[in-house]
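Okay, so here's the structure we're looking at.
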Amino acid sequence: MAEIIQRDGTWAFDGSTVRITPGRHRSVPLFRQTYGEIAVPLEAVSGVVYEPERKRGRLRMRLREGADPLLQATGGRLPEAADPYRLTVDADRSGVAEYVAAEIRQSLLLDQVPKEPTKTYLLPGPPVPVSVRSSDGTVSFDGTQVRVDWADTSDRVKRATGPRIIGVGDLVQVEWLPNSGHEDGFLRFVTRETVFSKLPAERDPYALDLWGSVRRDLLTALVAAAVTARLP
């Protein structure tokens, strides 16, 4: 067992699975704490590096393209601190971090894990049911249907349509862009009927406009990933 325990979280590798557990310290982003523990099978890993710095370094894991619905849904747009495949390491534990990274790399070589994209998801994504309250409304997913209940502050066009219910079979894709605090983000559910829609997120009844708390709105990525994992 190769293991490193830090305030930011814990990585434990048993030869076949990297178990990533977020820390409980207040500095750990709400998104990572809410997502919880992730068990990454070795066959999903593309590589691992340790990036040393003077005060703190970082362990960083790269996954094979198509292995993880979370990365598929967020498209590399998760903020650095919210990335569950990144671990901040204190300088005095750099040797342990190097050892963990070396053990994973060695196993990748021994098992001859390919670097090519995967044909199916190798991680399950967030469990369902999952529900998140955002600045534009509450979005829920039970594994078969997405439901959006608009907030009082939502655009009147959205509120006039009432709750939006979308079956997974009607979805083409999920689009997600985080709220940066300077620019709005969105969570959009694209169906066969709306694939060519050009409505802005604040008026689109198939999209949540993310303009409020960055910390809270980031949780919509959990819904995006859960739906993406179950798309036809």
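Each chain in the structure tokens gets a letter, A, B and so on, in the order shown; residues start at 1 in every chain, and ligands are counted from 1 in the order they appear.
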
Handout entry: Shell of 9 Å around A:Ala226, only C-alpha atoms, local chain residues under 3 positions omitted, as a PyMOL selection string
Key = chain A and resi 69-70+73+124-130+141+143+221-223+229-230

Practice task
Assign secondary structure with DSSP using the backbone only, and return the residues of stretch 123-160 of chain A in helix (DSSP H, G or I) as a list in words.
Solution key: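 Of stretch 123-160 of chain A, only Arg156, Val157, Lys158, Arg159 and Ala160 of chain A fall in helix (DSSP H, G or I).
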
Neighbours of stretch 153-156 of chain A within 9 Å (only C-alpha atoms; same-chain residues fewer than 4 positions away dropped), as a compact mmCIF listing (two decimals) with N, CA and C atoms, in the first residue's frame?
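In the end it all went to around-v3.txt:
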```
# COMPACT_ATOMS: atom_id res chain seq x y z
N SER A 135 -28.36 29.24 -8.18
CA SER A 135 -28.88 30.60 -8.19
C SER A 135 -30.13 30.75 -9.05
N ASP A 136 -30.32 29.86 -10.03
CA ASP A 136 -31.44 29.98 -10.96
C ASP A 136 -32.57 28.99 -10.66
N GLY A 137 -32.32 28.06 -9.75
CA GLY A 137 -33.34 27.07 -9.44
C GLY A 137 -32.71 25.80 -8.90
N ALA A 160 -42.90 30.86 -16.16
CA ALA A 160 -44.19 30.66 -16.81
C ALA A 160 -44.33 29.25 -17.37
N THR A 161 -43.22 28.62 -17.73
CA THR A 161 -43.27 27.26 -18.28
C THR A 161 -43.47 26.21 -17.19
N GLU A 202 -30.02 32.64 -19.52
CA GLU A 202 -30.97 33.27 -18.60
C GLU A 202 -32.41 33.16 -19.09
N ARG A 203 -32.61 32.89 -20.40
CA ARG A 203 -33.96 32.78 -20.95
C ARG A 203 -34.29 31.38 -21.46
N ASP A 204 -33.31 30.51 -21.47
CA ASP A 204 -33.49 29.16 -22.00
C ASP A 204 -34.15 28.26 -20.94
N LEU A 208 -29.93 26.24 -16.75
CA LEU A 208 -29.82 27.03 -15.53
C LEU A 208 -28.73 28.07 -15.73
N ASP A 209 -29.08 29.31 -15.45
CA ASP A 209 -28.11 30.41 -15.52
C ASP A 209 -27.42 30.50 -14.16
```

Handout entry: Shortest interatomic distance to A:Phe196 - which of A:Arg93, A:Ala39, A:Val172, A:Arg56, counting only C-alpha atoms
Key = A:Val172

Handout entry: Closest of A:Pro200, A:Trp150, A:Arg159, A:Ser140 to A:Thr220 - atom-to-atom distances counting only C-alpha atoms
Key =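 When distances to A:Thr220 are compared using only C-alpha atoms, the smallest one comes from A:Ser140.
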
Practice task
Could you give me, as a ChimeraX atom specification, the residues within 12 Å of A:Asp217, counting only C-alpha atoms and dropping anything in the same chain fewer than 5 positions from it?
Solution key: /A:30-31,78,131-139,176-181,184-187,208-212,222-224

Convert the current residue selection to file output with N, CA and C atoms, as a compact mmCIF listing (two decimals), in the first residue's frame.
```txt
# COMPACT_ATOMS: atom_id res chain seq x y z
N LEU A 30 -15.94 22.98 -1.30
CA LEU A 30 -17.21 22.30 -1.06
C LEU A 30 -17.48 21.24 -2.13
N PHE A 31 -17.11 21.52 -3.37
CA PHE A 31 -17.35 20.57 -4.45
C PHE A 31 -16.67 19.23 -4.17
N LEU A 78 -13.22 22.67 -14.63
CA LEU A 78 -13.28 22.75 -13.17
C LEU A 78 -12.14 23.64 -12.67
N SER A 131 -29.34 16.18 -6.14
CA SER A 131 -30.11 17.41 -6.26
C SER A 131 -29.25 18.59 -5.81
N VAL A 132 -29.28 19.66 -6.57
CA VAL A 132 -28.47 20.84 -6.26
C VAL A 132 -29.34 22.09 -6.39
N ARG A 133 -29.25 22.95 -5.39
CA ARG A 133 -29.96 24.24 -5.46
C ARG A 133 -28.98 25.28 -5.95
N SER A 134 -29.28 25.88 -7.07
CA SER A 134 -28.39 26.88 -7.67
C SER A 134 -29.04 28.25 -7.62
N SER A 135 -28.36 29.24 -8.18
CA SER A 135 -28.88 30.60 -8.19
C SER A 135 -30.13 30.75 -9.05
N ASP A 136 -30.32 29.86 -10.03
CA ASP A 136 -31.44 29.98 -10.96
C ASP A 136 -32.57 28.99 -10.66
N GLY A 137 -32.32 28.06 -9.75
CA GLY A 137 -33.34 27.07 -9.44
C GLY A 137 -32.71 25.80 -8.90
N THR A 138 -33.55 24.81 -8.67
CA THR A 138 -33.08 23.52 -8.15
C THR A 138 -33.14 22.48 -9.25
N VAL A 139 -32.03 21.79 -9.47
CA VAL A 139 -31.97 20.74 -10.49
C VAL A 139 -31.77 19.40 -9.80
N TRP A 176 -21.88 22.37 -19.73
CA TRP A 176 -21.66 22.98 -18.42
C TRP A 176 -20.50 23.97 -18.49
N LEU A 177 -20.73 25.13 -17.91
CA LEU A 177 -19.69 26.15 -17.80
C LEU A 177 -19.80 26.75 -16.41
N PRO A 178 -18.70 26.79 -15.65
CA PRO A 178 -18.80 27.29 -14.28
C PRO A 178 -18.99 28.81 -14.22
N ASN A 179 -19.60 29.25 -13.15
CA ASN A 179 -19.71 30.66 -12.82
C ASN A 179 -18.38 31.11 -12.23
N SER A 180 -17.74 32.09 -12.85
CA SER A 180 -16.42 32.53 -12.40
C SER A 180 -16.50 33.66 -11.37
N GLY A 181 -17.69 34.21 -11.17
CA GLY A 181 -17.80 35.38 -10.30
C GLY A 181 -17.77 36.66 -11.10
N ASP A 184 -21.18 34.85 -15.89
CA ASP A 184 -22.14 33.80 -15.55
C ASP A 184 -21.72 32.48 -16.17
N GLY A 185 -22.13 31.40 -15.52
CA GLY A 185 -21.97 30.07 -16.09
C GLY A 185 -23.33 29.52 -16.45
N PHE A 186 -23.38 28.25 -16.82
CA PHE A 186 -24.68 27.65 -17.13
C PHE A 186 -24.58 26.13 -17.08
N LEU A 187 -25.73 25.51 -16.88
CA LEU A 187 -25.91 24.07 -17.02
C LEU A 187 -27.07 23.90 -18.00
N LEU A 208 -29.93 26.24 -16.75
CA LEU A 208 -29.82 27.03 -15.53
C LEU A 208 -28.73 28.07 -15.73
N ASP A 209 -29.08 29.31 -15.45
CA ASP A 209 -28.11 30.41 -15.52
C ASP A 209 -27.42 30.50 -14.16
N LEU A 210 -26.11 30.34 -14.14
CA LEU A 210 -25.36 30.31 -12.88
C LEU A 210 -24.71 31.67 -12.66
N TRP A 211 -25.26 32.44 -11.73
CA TRP A 211 -24.78 33.80 -11.53
C TRP A 211 -24.57 34.13 -10.04
N GLY A 212 -24.87 33.20 -9.16
CA GLY A 212 -24.81 33.49 -7.72
C GLY A 212 -23.50 33.05 -7.07
N LEU A 222 -21.96 18.19 -10.44
CA LEU A 222 -22.31 16.85 -9.99
C LEU A 222 -23.49 16.30 -10.80
N VAL A 223 -24.48 17.16 -11.02
CA VAL A 223 -25.64 16.76 -11.83
C VAL A 223 -25.21 16.53 -13.28
N ALA A 224 -24.39 17.44 -13.80
CA ALA A 224 -23.91 17.30 -15.18
C ALA A 224 -23.19 15.98 -15.36
```

Handout entry: Residue among A:Ile38, A:Leu219, A:Ala102, A:Val190 lying closest to A:Asp68, counting only C-alpha atoms
Key =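 Among the listed residues, A:Ile38 lies closest to A:Asp68.
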
Practice task
May I have all residues of stretch 189-218 of chain A that DSSP, computed from the backbone, assigns to strand (DSSP E or B), given as a list in words?
Solution key: Phe189, Val190, Thr191, Ala207, Leu208, Asp209 and Leu210 of chain A

Would you mind exporting C-alpha atoms of the selected residues as a PDB file, in the first residue's frame?
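Produced file again.pdb, reproduced below:
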```
ATOM      1  CA  PHE A 189     -29.662  20.125 -21.169  1.00  0.00           C
ATOM      2  CA  VAL A 190     -29.625  19.727 -24.940  1.00  0.00           C
ATOM      3  CA  THR A 191     -32.468  17.680 -26.452  1.00  0.00           C
ATOM      4  CA  ALA A 207     -30.723  25.757 -18.955  1.00  0.00           C
ATOM      5  CA  LEU A 208     -29.823  27.031 -15.526  1.00  0.00           C
ATOM      6  CA  ASP A 209     -28.113  30.405 -15.520  1.00  0.00           C
ATOM      7  CA  LEU A 210     -25.360  30.311 -12.879  1.00  0.00           C
TER       8      LEU A 210
END
```

Problem - Close residues, A:Asp170 itself excluded, 12 Å, only C-alpha atoms, min 6 positions apart in chain, as number ranges by chain - result: A: 144-146, 189-195, 227, 230-232

Restrict the selected residues to C-alpha atoms and save them as a short mmCIF file (atom, residue, chain, number, x, y, z; two decimals), in the first residue's frame.
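This is the output file part-v6.cif:
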```cif
data_model
loop_
_atom_site.label_atom_id
_atom_site.label_comp_id
_atom_site.auth_asym_id
_atom_site.auth_seq_id
_atom_site.Cartn_x
_atom_site.Cartn_y
_atom_site.Cartn_z
CA THR A 144 -33.93 8.47 -15.47
CA GLN A 145 -35.29 12.04 -15.39
CA VAL A 146 -33.93 15.53 -14.91
CA PHE A 189 -29.66 20.13 -21.17
CA VAL A 190 -29.62 19.73 -24.94
CA THR A 191 -32.47 17.68 -26.45
CA ARG A 192 -33.20 16.70 -30.03
CA GLU A 193 -35.69 19.57 -30.22
CA THR A 194 -33.38 22.23 -28.75
CA VAL A 195 -30.07 21.23 -30.31
CA VAL A 227 -26.49 12.70 -16.30
CA ARG A 230 -26.15 7.71 -18.09
CA LEU A 231 -26.64 9.22 -21.54
CA PRO A 232 -27.50 6.66 -24.25
#
```

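Interatomic distance, atom CA of A:Arg58 to atom CA of A:His182: 27.1 Å.
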
Handout entry: Nearby residues (only C-alpha atoms) at most 9 Å from stretch 61-66 of chain A, same-chain spacing under 5 positions excluded, as a list in words
Key = Glu43, Ala44, Val45, Ser46, Gly47, Val48, Val49, Tyr50, Leu71, Gln72, Tyr85, Arg86, Leu87, Ala101, Pro114, Lys115, Glu116, Pro117, Thr118, Lys119, Thr120, Tyr121 and Leu122 of chain A

Exercise for the section: Quote the spacing between atom CA of A:Arg60 and atom CA of A:His25 in Å to one decimal place. Expected result: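 Straight-line distance from atom CA of A:Arg60 to atom CA of A:His25 works out to 19.6 Å.
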
Practice task
For each of A:Leu109, A:Ile104, A:Ala201, A:Ala151, take the minimum atom-to-atom distance to A:Trp11, counting only C-alpha atoms, then give the residue where this is smallest.
Solution key: A:Ile104

Handout entry: Contacts of A:Ala91 within 7 Å, only C-alpha atoms, excl. fewer than 2 positions in-chain, as a PyMOL selection string
Key = chain A and resi 54-57+89+93-94

Dump C-alpha atoms for the selected residues as a PDB file, in the first residue's frame?
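Generated output (selection_27.pdb):
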```pdb
ATOM      1  CA  ARG A  54       9.122  25.663  -2.419  1.00  0.00           C
ATOM      2  CA  LYS A  55       6.293  25.657   0.133  1.00  0.00           C
ATOM      3  CA  ARG A  56       3.811  23.149  -1.254  1.00  0.00           C
ATOM      4  CA  GLY A  57       3.806  20.806  -4.200  1.00  0.00           C
ATOM      5  CA  VAL A  89       1.317  18.333  -0.639  1.00  0.00           C
ATOM      6  CA  ARG A  93       6.027  15.213   2.540  1.00  0.00           C
ATOM      7  CA  SER A  94       7.412  15.567  -0.968  1.00  0.00           C
TER       8      SER A  94
END
```

Exercise for the section: Find the residue from A:Ser27, A:Thr34, A:Ser16, A:Thr88 that sits nearest to A:Ile4; use only C-alpha atoms when measuring. Expected result: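 Nearest to A:Ile4: A:Thr88.
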